[in-house]
Structure formats: structure tokens, C-alpha cells
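K.L.:
I am sharing input.cif, which consists of mmCIF, C-alpha atoms:
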```cif
data_final
loop_
_atom_site.label_atom_id
_atom_site.label_comp_id
_atom_site.auth_asym_id
_atom_site.auth_seq_id
_atom_site.Cartn_x
_atom_site.Cartn_y
_atom_site.Cartn_z
CA MET A 1 109.26 215.70 158.88
CA LYS A 2 110.03 215.96 162.58
CA ALA A 3 106.37 216.31 163.48
CA PHE A 4 105.62 213.20 161.45
CA PHE A 5 108.41 211.35 163.26
CA ILE A 6 107.01 212.38 166.66
CA ASP A 7 103.51 211.32 165.65
CA PHE A 8 104.83 208.00 164.39
CA LEU A 9 106.73 207.33 167.63
CA THR A 10 103.70 208.26 169.77
CA LEU A 11 101.55 205.93 167.70
CA LEU A 12 104.12 203.13 168.07
CA ALA A 13 104.28 203.61 171.85
CA ASN A 14 100.49 203.58 172.09
CA CYS A 15 100.33 200.42 169.94
CA ILE A 16 102.81 198.68 172.27
CA LEU A 17 100.77 199.81 175.27
CA ILE A 18 97.53 198.52 173.73
CA VAL A 19 99.14 195.13 172.93
CA CYS A 20 100.46 195.03 176.51
CA LEU A 21 97.02 195.95 177.87
CA SER A 22 95.22 193.31 175.81
CA LEU A 23 97.69 190.55 176.75
CA MET A 24 97.53 191.46 180.41
CA SER A 25 93.71 191.58 180.25
CA PHE A 26 93.80 188.08 178.79
CA PHE A 27 96.09 186.94 181.61
CA LEU A 28 93.89 188.50 184.26
CA ILE A 29 90.60 187.13 182.89
CA ALA A 30 92.06 183.66 182.26
CA ASN A 31 93.57 183.57 185.75
CA LEU A 32 90.34 184.58 187.44
CA TYR A 33 88.38 182.09 185.33
CA HIS A 34 90.90 179.32 186.02
CA ALA A 35 90.79 180.04 189.77
CA ARG A 36 87.01 179.82 189.69
CA GLU A 37 86.98 176.64 187.61
CA ILE A 38 89.34 174.66 189.80
CA SER A 39 87.42 175.63 192.93
CA TYR A 40 84.35 173.77 191.63
CA GLY A 41 83.62 170.33 193.02
CA TYR A 42 81.70 167.31 191.83
CA SER A 43 78.65 166.82 193.99
CA ALA A 44 78.59 163.13 194.82
CA ASP A 45 76.41 161.38 197.37
CA LEU A 46 78.76 158.59 198.34
CA LYS A 47 76.72 157.49 201.36
CA ASN A 48 74.25 155.96 198.93
CA ASP A 49 76.78 154.84 196.34
CA SER A 50 76.81 151.04 195.96
CA LYS A 51 80.52 150.85 195.13
CA TYR A 52 81.47 152.92 198.15
CA LYS A 53 79.15 150.92 200.39
CA ASP A 54 80.69 147.66 199.13
CA TYR A 55 84.16 148.94 199.90
CA LYS A 56 83.25 149.86 203.46
CA LYS A 57 81.40 146.58 203.99
CA THR A 58 84.27 144.44 202.66
CA ILE A 59 86.81 146.12 204.91
CA ASN A 60 84.66 145.89 208.04
CA ASP A 61 83.61 142.28 207.39
CA SER A 62 87.12 141.06 206.72
CA PHE A 63 88.48 142.83 209.81
CA ASN A 64 85.69 141.46 212.00
CA LYS A 65 86.58 137.93 210.84
CA MET A 66 90.06 138.31 212.26
CA LYS A 67 88.93 139.61 215.64
CA ASN A 68 87.60 136.23 216.82
CA ILE A 69 90.92 134.44 216.97
CA ASN A 70 92.42 133.60 220.36
CA TYR A 71 95.64 135.58 220.46
CA ASP A 72 96.51 134.44 224.00
CA ASN A 73 97.42 131.09 222.56
CA ARG A 74 101.21 130.82 222.57
CA LYS A 75 101.17 129.24 219.11
CA ASN A 76 99.51 132.34 217.67
CA GLU A 77 101.59 134.85 219.58
CA LEU A 78 104.47 134.96 217.11
CA THR A 79 102.46 134.35 213.94
CA ALA A 80 98.81 135.39 214.00
CA LYS A 81 99.24 138.26 216.45
CA PRO A 82 101.80 140.29 214.45
CA ILE A 83 99.78 139.76 211.26
CA TYR A 84 96.68 140.97 213.05
CA GLN A 85 98.62 143.99 214.26
CA TYR A 86 99.78 144.86 210.73
CA TYR A 87 96.28 144.31 209.43
CA SER A 88 94.64 146.51 212.06
CA ASP A 89 97.20 149.29 211.37
CA CYS A 90 96.29 149.11 207.68
CA VAL A 91 92.53 149.20 208.34
CA GLU A 92 92.93 152.05 210.83
CA SER A 93 94.89 154.16 208.35
CA LEU A 94 92.28 153.43 205.66
CA ASN A 95 89.45 154.47 208.00
CA ASN A 96 91.23 157.71 208.90
CA GLY A 97 92.27 158.52 205.34
CA THR A 98 90.89 160.99 202.80
CA PHE A 99 88.81 158.42 200.97
CA ALA A 100 86.96 157.41 204.14
CA ASN A 101 85.92 161.03 204.62
CA PHE A 102 84.48 161.30 201.11
CA GLU A 103 81.08 160.27 202.41
CA ASN A 104 80.98 163.41 204.58
CA ASP A 105 81.83 165.72 201.67
CA ASP A 106 79.08 167.00 199.43
CA ASN A 107 81.58 168.27 196.88
CA ILE A 108 84.54 166.20 195.77
CA THR A 109 87.31 168.41 194.39
CA ALA A 110 90.36 167.56 192.31
CA LEU A 111 92.45 168.04 195.46
CA ASP A 112 90.44 165.35 197.30
CA ILE A 113 91.05 162.85 194.51
CA TYR A 114 94.74 163.76 194.40
CA ASN A 115 95.05 163.29 198.16
CA ALA A 116 93.18 159.96 198.07
CA ASN A 117 95.52 158.58 195.37
CA ASN A 118 98.60 160.15 196.88
CA GLU A 119 97.80 158.36 200.15
CA ILE A 120 97.75 155.06 198.26
CA LEU A 121 101.23 155.73 196.89
CA ASN A 122 102.72 157.12 200.09
CA ASP A 123 100.87 155.38 202.94
CA TYR A 124 98.91 152.32 201.85
CA ASN A 125 101.72 150.91 199.72
CA ASN A 126 103.78 150.79 202.91
CA LYS A 127 101.05 149.79 205.33
CA CYS A 128 98.74 147.58 203.27
CA ILE A 129 99.22 146.76 199.60
CA PHE A 130 102.80 145.51 199.55
CA TYR A 131 103.89 145.61 203.16
CA LEU A 132 101.19 143.33 204.54
CA PRO A 133 101.71 140.36 202.18
CA TYR A 134 105.50 140.61 202.33
CA SER A 135 105.50 140.76 206.13
CA ILE A 136 103.30 137.64 206.18
CA GLU A 137 105.69 135.96 203.77
CA THR A 138 108.64 136.89 206.00
CA ILE A 139 106.93 135.55 209.13
CA TYR A 140 106.21 132.21 207.46
CA LYS A 141 109.36 131.98 205.50
CA ASP A 142 110.24 128.39 206.44
CA LYS A 143 106.87 127.20 207.56
CA LYS A 144 104.13 125.28 205.80
CA GLN A 145 101.67 128.23 205.89
CA ASN A 146 103.90 129.93 203.35
CA VAL A 147 102.86 127.41 200.73
CA SER A 148 99.19 128.21 201.22
CA PHE A 149 99.93 131.93 201.21
CA ASN A 150 101.82 131.78 197.89
CA ASN A 151 98.56 131.57 195.95
CA VAL A 152 97.18 134.60 197.78
CA LEU A 153 100.46 136.45 197.33
CA SER A 154 100.44 136.22 193.52
CA LEU A 155 96.88 137.58 193.40
CA VAL A 156 97.68 140.33 195.89
CA GLU A 157 100.81 141.33 193.93
CA GLU A 158 98.86 141.55 190.70
CA ARG A 159 96.19 143.72 192.29
CA GLY A 160 98.83 145.81 194.05
CA ASN A 161 100.54 146.61 190.75
CA ILE A 162 97.24 147.68 189.19
CA ILE A 163 96.44 149.90 192.19
CA SER A 164 99.87 151.55 192.13
CA SER A 165 99.86 152.28 188.40
CA ASN A 166 96.28 153.61 188.59
CA ALA A 167 97.14 155.83 191.56
CA LYS A 168 100.25 157.13 189.78
CA TYR A 169 98.23 157.94 186.66
CA LEU A 170 95.53 159.70 188.69
CA THR A 171 97.95 161.82 190.74
CA ASP A 172 99.79 162.89 187.57
CA SER A 173 96.52 163.64 185.84
CA GLU A 174 95.30 165.78 188.75
CA LEU A 175 98.49 167.83 188.65
CA GLY A 176 97.21 169.11 185.30
CA ASN A 177 94.70 171.33 187.08
CA SER A 178 97.53 173.74 187.89
CA SER A 179 98.45 174.20 184.26
CA TYR A 180 97.40 177.39 182.61
CA THR A 181 94.93 177.04 179.75
CA PHE A 182 92.49 179.19 177.88
CA THR A 183 89.30 178.12 179.59
CA THR A 184 86.18 177.74 177.54
CA ASP A 185 82.84 176.07 178.10
CA THR A 186 84.29 172.87 176.63
CA SER A 187 87.16 172.75 179.10
CA ARG A 188 84.74 173.61 181.90
CA VAL A 189 82.73 170.50 181.04
CA SER A 190 85.94 168.49 180.82
CA ILE A 191 87.05 169.68 184.29
CA TYR A 192 83.72 168.51 185.70
CA ASN A 193 83.82 165.19 183.82
CA LYS A 194 87.43 164.65 184.77
CA ILE A 195 86.65 164.84 188.48
CA LYS A 196 83.66 162.55 187.99
CA GLY A 197 85.67 159.97 186.02
CA GLU A 198 88.65 160.11 188.31
CA LEU A 199 86.49 159.69 191.38
CA ASP A 200 85.16 156.50 189.80
CA LEU A 201 88.69 155.26 189.11
CA THR A 202 89.70 156.12 192.66
CA MET A 203 86.77 154.12 194.01
CA ASN A 204 87.87 151.17 191.85
CA ASN A 205 91.33 151.51 193.33
CA TYR A 206 90.07 151.45 196.89
CA GLU A 207 87.78 148.56 196.04
CA LEU A 208 90.87 146.64 194.91
CA ILE A 209 92.56 147.46 198.23
CA SER A 210 89.53 146.12 200.08
CA LEU A 211 89.71 142.95 197.95
CA ILE A 212 93.39 142.52 198.87
CA LEU A 213 92.47 142.82 202.55
CA SER A 214 89.59 140.42 202.05
CA ASP A 215 91.90 137.83 200.41
CA ILE A 216 94.39 138.12 203.23
CA SER A 217 91.72 137.85 205.93
CA ASP A 218 90.20 134.80 204.20
CA TRP A 219 93.57 133.09 204.17
CA TYR A 220 94.20 134.15 207.77
CA VAL A 221 90.92 132.75 209.02
CA LEU A 222 91.58 129.53 207.15
CA GLU A 223 94.99 129.19 208.76
CA PHE A 224 94.20 130.27 212.32
CA GLY A 225 90.48 129.73 212.61
CA GLY A 226 87.87 132.28 213.54
CA ASN A 227 84.44 133.35 212.48
CA ASN A 228 84.54 132.32 208.85
CA MET B 1 89.53 214.86 185.52
CA LYS B 2 92.18 213.40 183.24
CA ASP B 3 94.91 215.18 185.18
CA ILE B 4 93.63 213.83 188.50
CA LEU B 5 93.48 210.27 187.09
CA CYS B 6 96.98 210.65 185.68
CA LYS B 7 98.28 211.84 189.02
CA ILE B 8 96.61 209.01 190.97
CA LEU B 9 97.74 206.30 188.52
CA GLY B 10 101.19 207.88 188.25
CA PHE B 11 101.57 207.70 192.03
CA LEU B 12 100.14 204.16 192.23
CA LYS B 13 102.49 202.79 189.60
CA TYR B 14 105.55 203.44 191.79
CA ILE B 15 103.99 201.70 194.79
CA LEU B 16 102.74 198.77 192.69
CA LEU B 17 106.13 198.42 191.00
CA ILE B 18 107.76 198.00 194.40
CA ALA B 19 105.03 195.57 195.57
CA ALA B 20 105.28 193.50 192.35
CA PHE B 21 109.06 193.41 192.63
CA GLY B 22 108.83 192.27 196.26
CA LEU B 23 106.42 189.44 195.45
CA VAL B 24 108.46 188.27 192.44
CA PHE B 25 111.58 188.36 194.62
CA TYR B 26 109.84 186.24 197.25
CA GLY B 27 108.73 183.77 194.56
CA ILE B 28 112.27 183.55 193.21
CA ILE B 29 113.70 182.97 196.69
CA VAL B 30 111.19 180.15 197.35
CA THR B 31 111.66 178.57 193.90
CA TYR B 32 115.44 178.77 193.89
CA GLY B 33 115.56 177.67 197.53
CA ARG B 34 113.61 174.52 196.68
CA LEU B 35 115.91 173.78 193.75
CA GLU B 36 118.99 174.77 195.79
CA LYS B 37 120.11 177.07 192.98
CA PRO B 38 122.21 180.18 193.70
CA LEU B 39 120.26 183.46 193.62
CA VAL B 40 122.87 185.00 191.30
CA GLU B 41 121.34 182.98 188.47
CA SER B 42 118.04 184.80 188.95
CA ILE B 43 119.48 188.24 188.07
CA PRO B 44 118.06 188.20 184.49
CA VAL B 45 114.56 187.97 186.01
CA PHE B 46 115.01 191.32 187.73
CA ILE B 47 116.51 193.17 184.74
CA PRO B 48 113.11 194.34 183.36
CA PHE B 49 112.12 195.63 186.80
CA GLY B 50 115.41 197.53 187.03
CA VAL B 51 115.02 198.96 183.51
CA VAL B 52 111.44 200.13 184.16
CA PHE B 53 112.39 201.59 187.55
CA LEU B 54 115.29 203.46 185.94
CA LEU B 55 113.04 204.80 183.18
CA PHE B 56 110.46 205.92 185.76
CA ILE B 57 113.19 207.81 187.64
CA ILE B 58 114.45 209.41 184.40
CA THR B 59 110.85 210.43 183.60
CA LEU B 60 110.55 212.00 187.04
CA ILE B 61 113.83 213.88 186.70
CA MET B 62 113.10 215.06 183.15
CA ARG B 63 109.51 215.95 184.09
CA ALA B 64 108.48 214.45 180.79
CA LYS B 65 104.86 215.46 180.29
CA THR B 66 104.47 213.11 177.32
CA VAL B 67 104.89 210.25 179.78
CA SER B 68 103.46 211.59 183.03
CA LYS B 69 100.36 213.07 181.39
CA ASN B 70 99.76 209.98 179.26
CA LEU B 71 96.67 208.32 180.76
CA LEU B 72 97.08 205.15 178.66
CA PHE B 73 100.68 204.66 179.79
CA ASN B 74 99.86 205.21 183.46
CA PHE B 75 96.84 202.91 183.28
CA VAL B 76 98.74 200.11 181.51
CA SER B 77 101.61 200.40 184.01
CA VAL B 78 99.23 200.04 186.94
CA PHE B 79 97.41 197.18 185.19
CA VAL B 80 100.61 195.24 184.45
CA PHE B 81 101.76 195.49 188.06
CA VAL B 82 98.30 194.57 189.41
CA VAL B 83 98.21 191.43 187.23
CA THR B 84 101.77 190.56 188.34
CA ILE B 85 100.68 190.88 191.98
CA ILE B 86 97.57 188.74 191.37
CA ILE B 87 99.66 185.98 189.75
CA CYS B 88 102.17 186.03 192.62
CA LEU B 89 99.37 185.94 195.20
CA ARG B 90 97.75 182.98 193.40
CA ALA B 91 101.04 181.12 193.59
CA MET B 92 101.08 181.87 197.34
CA PHE B 93 97.46 181.29 198.33
CA ASP B 94 95.51 179.31 195.70
CA THR B 95 95.26 175.97 197.48
CA ASN B 96 92.94 174.51 194.84
CA MET B 97 95.91 174.02 192.54
CA ILE B 98 97.35 170.57 193.19
CA LEU B 99 100.94 171.68 192.59
CA PHE B 100 100.58 173.95 195.62
CA HIS B 101 100.51 170.80 197.76
CA LYS B 102 102.93 168.66 195.80
CA TYR B 103 106.14 170.35 196.88
CA SER B 104 105.06 170.79 200.54
CA ILE B 105 106.39 174.35 200.68
CA ASN B 106 103.02 176.16 200.71
CA TYR B 107 103.87 177.79 197.41
CA ASN B 108 103.26 176.89 193.77
CA PRO B 109 106.62 177.49 192.07
CA ALA B 110 105.50 175.73 188.85
CA PHE B 111 102.58 178.14 188.36
CA PHE B 112 104.81 181.08 189.25
CA SER B 113 107.55 180.12 186.77
CA ASP B 114 104.93 179.39 184.05
CA ASN B 115 103.68 182.97 184.29
CA LEU B 116 107.02 184.63 185.00
CA SER B 117 108.10 184.82 181.36
CA ALA B 118 104.84 186.55 180.39
CA ILE B 119 105.24 189.03 183.26
CA GLU B 120 108.80 189.79 182.16
CA ALA B 121 107.70 190.29 178.55
CA MET B 122 104.98 192.73 179.62
CA ILE B 123 107.38 194.72 181.79
CA TYR B 124 109.88 194.89 178.93
CA MET B 125 107.08 196.19 176.66
CA LEU B 126 106.22 198.80 179.26
CA GLY B 127 109.87 199.85 179.33
CA VAL B 128 110.05 200.13 175.53
CA ALA B 129 106.85 202.23 175.46
CA ASN B 130 108.25 204.47 178.20
CA LEU B 131 111.50 204.90 176.27
CA ILE B 132 109.70 205.80 173.03
CA LEU B 133 107.52 208.31 174.86
CA LEU B 134 110.63 209.83 176.45
CA VAL B 135 112.20 210.22 172.99
CA CYS B 136 108.96 211.87 171.81
CA ASP B 137 109.12 214.22 174.77
CA LEU B 138 112.71 215.13 173.96
CA LEU B 139 111.84 215.79 170.31
CA ASN B 140 108.81 217.84 171.35
CA LYS B 141 110.89 219.95 173.68
CA ASP B 142 113.47 220.48 170.95
CA ASN B 143 110.75 221.47 168.52
CA LYS B 144 109.21 223.92 170.96
CA SER B 145 112.50 225.60 171.74
CA ARG B 146 113.18 225.93 168.01
CA LYS B 147 109.76 227.39 167.44
CA ASN B 148 110.36 229.90 170.23
CA ASN B 149 113.70 230.82 168.69
CA SER B 150 112.17 231.14 165.24
CA LYS B 151 109.34 233.30 166.65
CA SER B 152 111.85 235.71 168.17
CA THR B 153 113.86 235.93 164.89
CA VAL B 154 110.70 236.63 162.89
CA SER B 155 109.78 239.55 165.14
CA TYR B 156 113.29 240.95 164.85
CA ASN B 157 113.11 240.74 161.07
CA ASP B 158 109.64 242.17 161.14
CA ASN B 159 110.86 245.12 163.15
CA LYS B 160 113.64 245.60 160.68
CA THR B 161 111.30 245.53 157.72
CA TYR B 162 108.84 247.78 159.49
CA ALA B 163 111.64 250.20 160.17
CA LYS B 164 112.71 250.03 156.55
CA GLN B 165 109.20 250.50 155.33
CA GLU B 166 108.68 253.41 157.66
CA LYS B 167 111.88 254.94 156.49
CA LYS B 168 110.85 254.43 152.90
CA GLU B 169 107.45 255.86 153.56
CA LYS B 170 108.97 258.77 155.36
CA ASN B 171 111.31 259.30 152.45
CA ASN B 172 108.43 259.03 150.07
CA ASP B 173 106.44 261.50 152.13
CA LYS B 174 109.40 263.80 152.19
CA ASP B 175 109.71 263.60 148.41
CA PHE B 176 106.00 264.06 148.05
CA PHE B 177 105.96 267.15 150.22
CA GLU B 178 108.96 268.59 148.51
CA LYS B 179 107.42 268.03 145.09
CA LYS B 180 104.17 269.50 146.31
CA LYS B 181 106.00 272.46 147.66
CA ASP B 182 107.76 272.96 144.35
CA ILE B 183 104.54 272.68 142.45
CA LEU B 184 102.87 275.09 144.81
CA GLU B 185 105.78 277.42 144.51
CA ASP B 186 105.61 277.15 140.73
CA ASN B 187 101.89 277.74 140.90
CA ASN B 188 102.42 280.81 143.06
CA ILE B 189 104.88 282.24 140.57
CA ASP B 190 102.42 281.61 137.79
CA LYS B 191 99.67 283.19 139.83
CA ASP B 192 101.80 286.24 140.45
CA THR B 193 102.61 286.65 136.76
CA GLU B 194 98.97 286.18 135.84
CA GLU B 195 97.95 288.85 138.34
CA VAL B 196 100.53 291.26 136.97
CA LEU B 197 99.35 290.60 133.41
CA GLU B 198 95.74 291.08 134.41
CA THR B 199 96.39 294.47 136.06
CA LYS B 200 98.39 295.56 133.00
CA ASP B 201 95.45 294.65 130.75
CA LYS B 202 93.02 296.61 132.94
CA ASP B 203 95.23 299.66 132.84
#
```
Mind turning the file's structure into C-alpha cells?
P.N.:
Amino acid sequence: MKAFFIDFLTLLANCILIVCLSLMSFFLIANLYHAREISYGYSADLKNDSKYKDYKKTINDSFNKMKNINYDNRKNELTAKPIYQYYSDCVESLNNGTFANFENDDNITALDIYNANNEILNDYNNKCIFYLPYSIETIYKDKKQNVSFNNVLSLVEERGNIISSNAKYLTDSELGNSSYTFTTDTSRVSIYNKIKGELDLTMNNYELISLILSDISDWYVLEFGGNN
Amino acid sequence: MKDILCKILGFLKYILLIAAFGLVFYGIIVTYGRLEKPLVESIPVFIPFGVVFLLFIITLIMRAKTVSKNLLFNFVSVFVFVVTIIICLRAMFDTNMILFHKYSINYNPAFFSDNLSAIEAMIYMLGVANLILLVCDLLNKDNKSRKNNSKSTVSYNDNKTYAKQEKKEKNNDKDFFEKKKDILEDNNIDKDTEEVLETKDKD
């Protein structure tokens, strides 16, 4: 009876060890696979991408329009000059941001897309999307230009809200790459497609930013003159 | 070969236990520091490590061969600690995970806490297996000592029976010889009388 009891206990201990071994093997394999999966990037040639080219062109064209105004004029010193300063800060931060460097990357990773959208929420909301129109509104609070800007402001606000909600969705979605899942071929395809789809959405977002800047520069040139 | 493997893995498991504990402790400090929670609340996380460490020490003191010579146990112990270390190192260095960047602390506490419960469960399982094997070892030792005792009692009894048998045989032999002697003596008497009768007839 005692020998049977010893055998039974040994068998039980070995069973526990085998369960432990199999679970830990699963953890190890899944972790290694997950680490490999999330290191993959989506190979995108953005230099030749029409959407990306349009974005760059819109930003450069609208900024160049504003450069031809005479800022030495005393009339423009307190109105056009500060707006130009805000605008140039916004364009500079966009040109130095993650999205501007996408054209130099052969592989776009989930981290790149997260950073690009996170910059919208943290930097461009403050420097461009909401700050720029509201600072213009503040400058022209009691002046007649404010009336002409009101039409632009409503459009800019609408676009700004879309950009912010898109960027919030994309950053939250990208956080999912840290979650632990049982990776299969299906999820591997979905990781690849996710980056591809989210890169497209990010480009749409930045295109909307460029359209906001274009609207503002159009209004600006109309108000203060310049190379229209 | 098996003994050498057991010895190597048995030695490694102590080192890896300490390394795994250190990395989990670091993870807890970072995670609780970010949440500004007191470290006292993290004590339950370290209980399985303490239990396994205690059981390892008991195994060492008892010199339990059922545990120390068990290749499966040693291998699984090493494996569990290696996986724990890998998970902790991923939380520290895998920059491809977005959550690594989100908290700006160069650590991924979300990934670490996701895996922590599984690590704890595995270490508890290791502890249970170690405990069961220790009980087996105790029972085995008890059995062996009983067998040894029973072996010694059997030989004593055997000696006794042998002695008895010898005595019996000796007694039997004695009886046999005595009977033989009597018979021979009787025969001699008969022979003598026969000889006397024969000589009388001749005369």
C-alpha cells in the first residue's frame, strides 16, 4: 500500500512538472514569436506615394504664399507678423516630426505610426490644429478680419476634431501590439495589414492638417496680400 | 551522464532563482513607483519565490535524492526561471512594444504585470511538485529503514530456527546412533549365542 502511495505521489509530482513545462514552453514560444512579429515593418515607398507628395506640396506651397508679405509695415507688425510666426513654428515642427521622416524609412513600424499620431495629440494640437486658429481669433477679436476668419474657423474646427479623434483611435489601437496573444499565421497577416491600414489613416490625418494650414494661408493672403 | 546533468541543472536553478527574483523585484519597484503604491502591498508577489527558496533549502538540508536526482524537476525549475528572466528582460528592453514608450519610464509595466500572474502560478506549481517529491523521499527513507530492520529480524529468526533445527538434527542423530548401538549390541549378543550353539552342535 505504501509503495503504491509513493508511486502515486511521484506520478502526481511528475504530472505537475509536465503541465508546468508545457505551459512555460507555450509562454516562451509565444513570447519569442510575439517579439519577432512586432519587430516587422511595412515596407512603404512614401517618396513616390501621391498622398504623401500632396501633403508635402500643400504645406510648402501654403507657407511660401505667406513669405511674400511685407512685415516691416507697421500695420502688419501686430497682426500679420505674429500669425506668420505661429504658422512658421507649426510648419517647422511638422517638417521635423516623425511623419516627415517617413520618406527616409524603408520599413514603417507600429511604433512609427504611434509616434506620428501621438505627435498630433501632444504637439500639433498645441502648435497647429487648435492653437493657430484660436490665436488668430484672439488677435482679431474686435476687428473686421475676425468676420472673414469665422468661416475658416468653423471649417478648421471641424477638421481639427476629426484629426484628434482619428489620432486618438490610432494611438489606442497601436497600444494593442503590446498585448499578449497566441500568434498564428492569421494574426501575423493582421499585424501586417494593421500597419498598412493605419499608415493610410495617418496619412489622411496629416493631409487634413495640411488642408487646415492651406485654409489659413489662403485667408491670410487674402487679408494681407502676397503671392496668391 | 544523468548525474552530471542533474548536478549542473541543480546548481543553475539556485542562481537562476536569485536572478529571476532580482528582476521581478526590479519590475515591482518600477511598477509600484510609477503608481506611487507602497511596496508592502507587493509582498504576495514574492511569496511563491520565498516558498520555493525555502523548499530548495529544505531539500539541500535533507539531501533528498528523490528531488536532487530528479532530472525532470531540475530541468523544469531551470526552465521556469529562464522564462521568467526572458519575460522580465522583454519588459526592460523590448522597445518595439508601444507601451514601453507610453509611460516614459523605459520599462513596460503593463506587459510585466500581464505575465506576472502566470509566472507566479508556475512557481507555485514548482513548489507543490517539490513538496510532493520531498514527501516521497521521506516515505522512501522510512520504507528503506523498515526494510533494513525487517532484514535484520529475519536473520535473527533464521539463526534461531537454524539453531533449533541443528539441535533437533543433533538430537535425532544422537537417537539414531543410540538405537544403532543398541541394535548392534543386540546383534552381537545374538551372534555370540549363535556361535556358542554352533560349537555345541559340532561337538
K.L.:
Kindly provide, as JSON, numbers by chain, the residues of chain A having any atom no farther than 10 Å from an atom of chain B, counting all atoms listed in the file.
P.N.:
{"A": [2, 3, 5, 6, 7, 8, 9, 10, 11, 12, 13, 14, 15, 16, 17, 18, 19, 20, 21, 22, 23, 24, 25, 27, 28, 29, 31, 32, 34, 35, 36, 37, 38, 39, 40, 109, 110, 111, 112, 114, 115, 118, 171, 172, 174, 175, 176, 177, 178, 179, 180]}
K.L.:
Find the distance between atom CA of Leu78 of chain A and atom CA of Asp215 of chain A and write it in Å to one decimal.
P.N.:
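So the answer is 21.1 Å.
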K.L.:
Suppose a student applies the PyMOL selection byres ((chain B and resi 6-23) around 7) to this structure; what residues should they get, written as a PyMOL selection string?
P.N.:
chain B and resi 2-5+24-27+49+68-69+71+74-75+77-78+81-82+84-85+88
K.L.:
Translate the PyMOL selection byres ((chain A and resi 67) around 12) into a concrete residue list for this structure, as a PyMOL selection string.
P.N.:
chain A and resi 60-66+68-71+80-81+83-85+87-88+217+220-221+224-228
K.L.:
Taking (92.5, 145.3, 199.5) in the file's coordinates as the center, which residues reach within 12 Å of it, counting only C-alpha atoms, put as JSON, numbers by chain?
P.N.:
{"A": [55, 56, 58, 59, 60, 62, 63, 87, 90, 91, 94, 120, 124, 125, 127, 128, 129, 130, 131, 132, 133, 152, 155, 156, 157, 158, 159, 160, 161, 162, 163, 203, 204, 205, 206, 207, 208, 209, 210, 211, 212, 213, 214, 215, 216, 217, 218]}
K.L.:
What box, with edges along x, y and z, holds each listed atom of segment 107-124 of chain B when 4 Å is added on every side, and can you state its centre and edge lengths in Å to one decimal, as lines of an AutoDock Vina configuration file?
P.N.:
```
center_x = 106.2
center_y = 185.3
center_z = 188.0
size_x = 15.3
size_y = 27.2
size_z = 26.9
```
K.L.:
Record the distance separating atom CA of Asp45 of chain A and atom CA of Tyr192 of chain A, expressed in Å with one decimal.
P.N.:
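According to the coordinates, atom CA of Asp45 of chain A and atom CA of Tyr192 of chain A are separated by 15.5 Å.
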K.L.:
Expressed in Å to a single decimal, how great is the separation between atom CA of Asn76 of chain A and atom CA of Ser148 of chain A?
P.N.:
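Distance between the two atoms: 17.0 Å.
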K.L.:
So which residues touch Tyr42 of chain A within 12 Å, counting all atoms listed in the file, skipping near sequence neighbours fewer than 4 positions away, as a list in words?
P.N.:
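Contacts, in chain order: Glu37, Ile38, Leu46, Phe102, Asp105, Asp106, Asn107, Ile108, Thr109, Ala110, Leu111, Asp112, Ile113, Val189, Ser190, Ile191, Tyr192, Asn193, Lys194, Ile195, Lys196, Gly197, Glu198, Leu199 and Asp200 of chain A.
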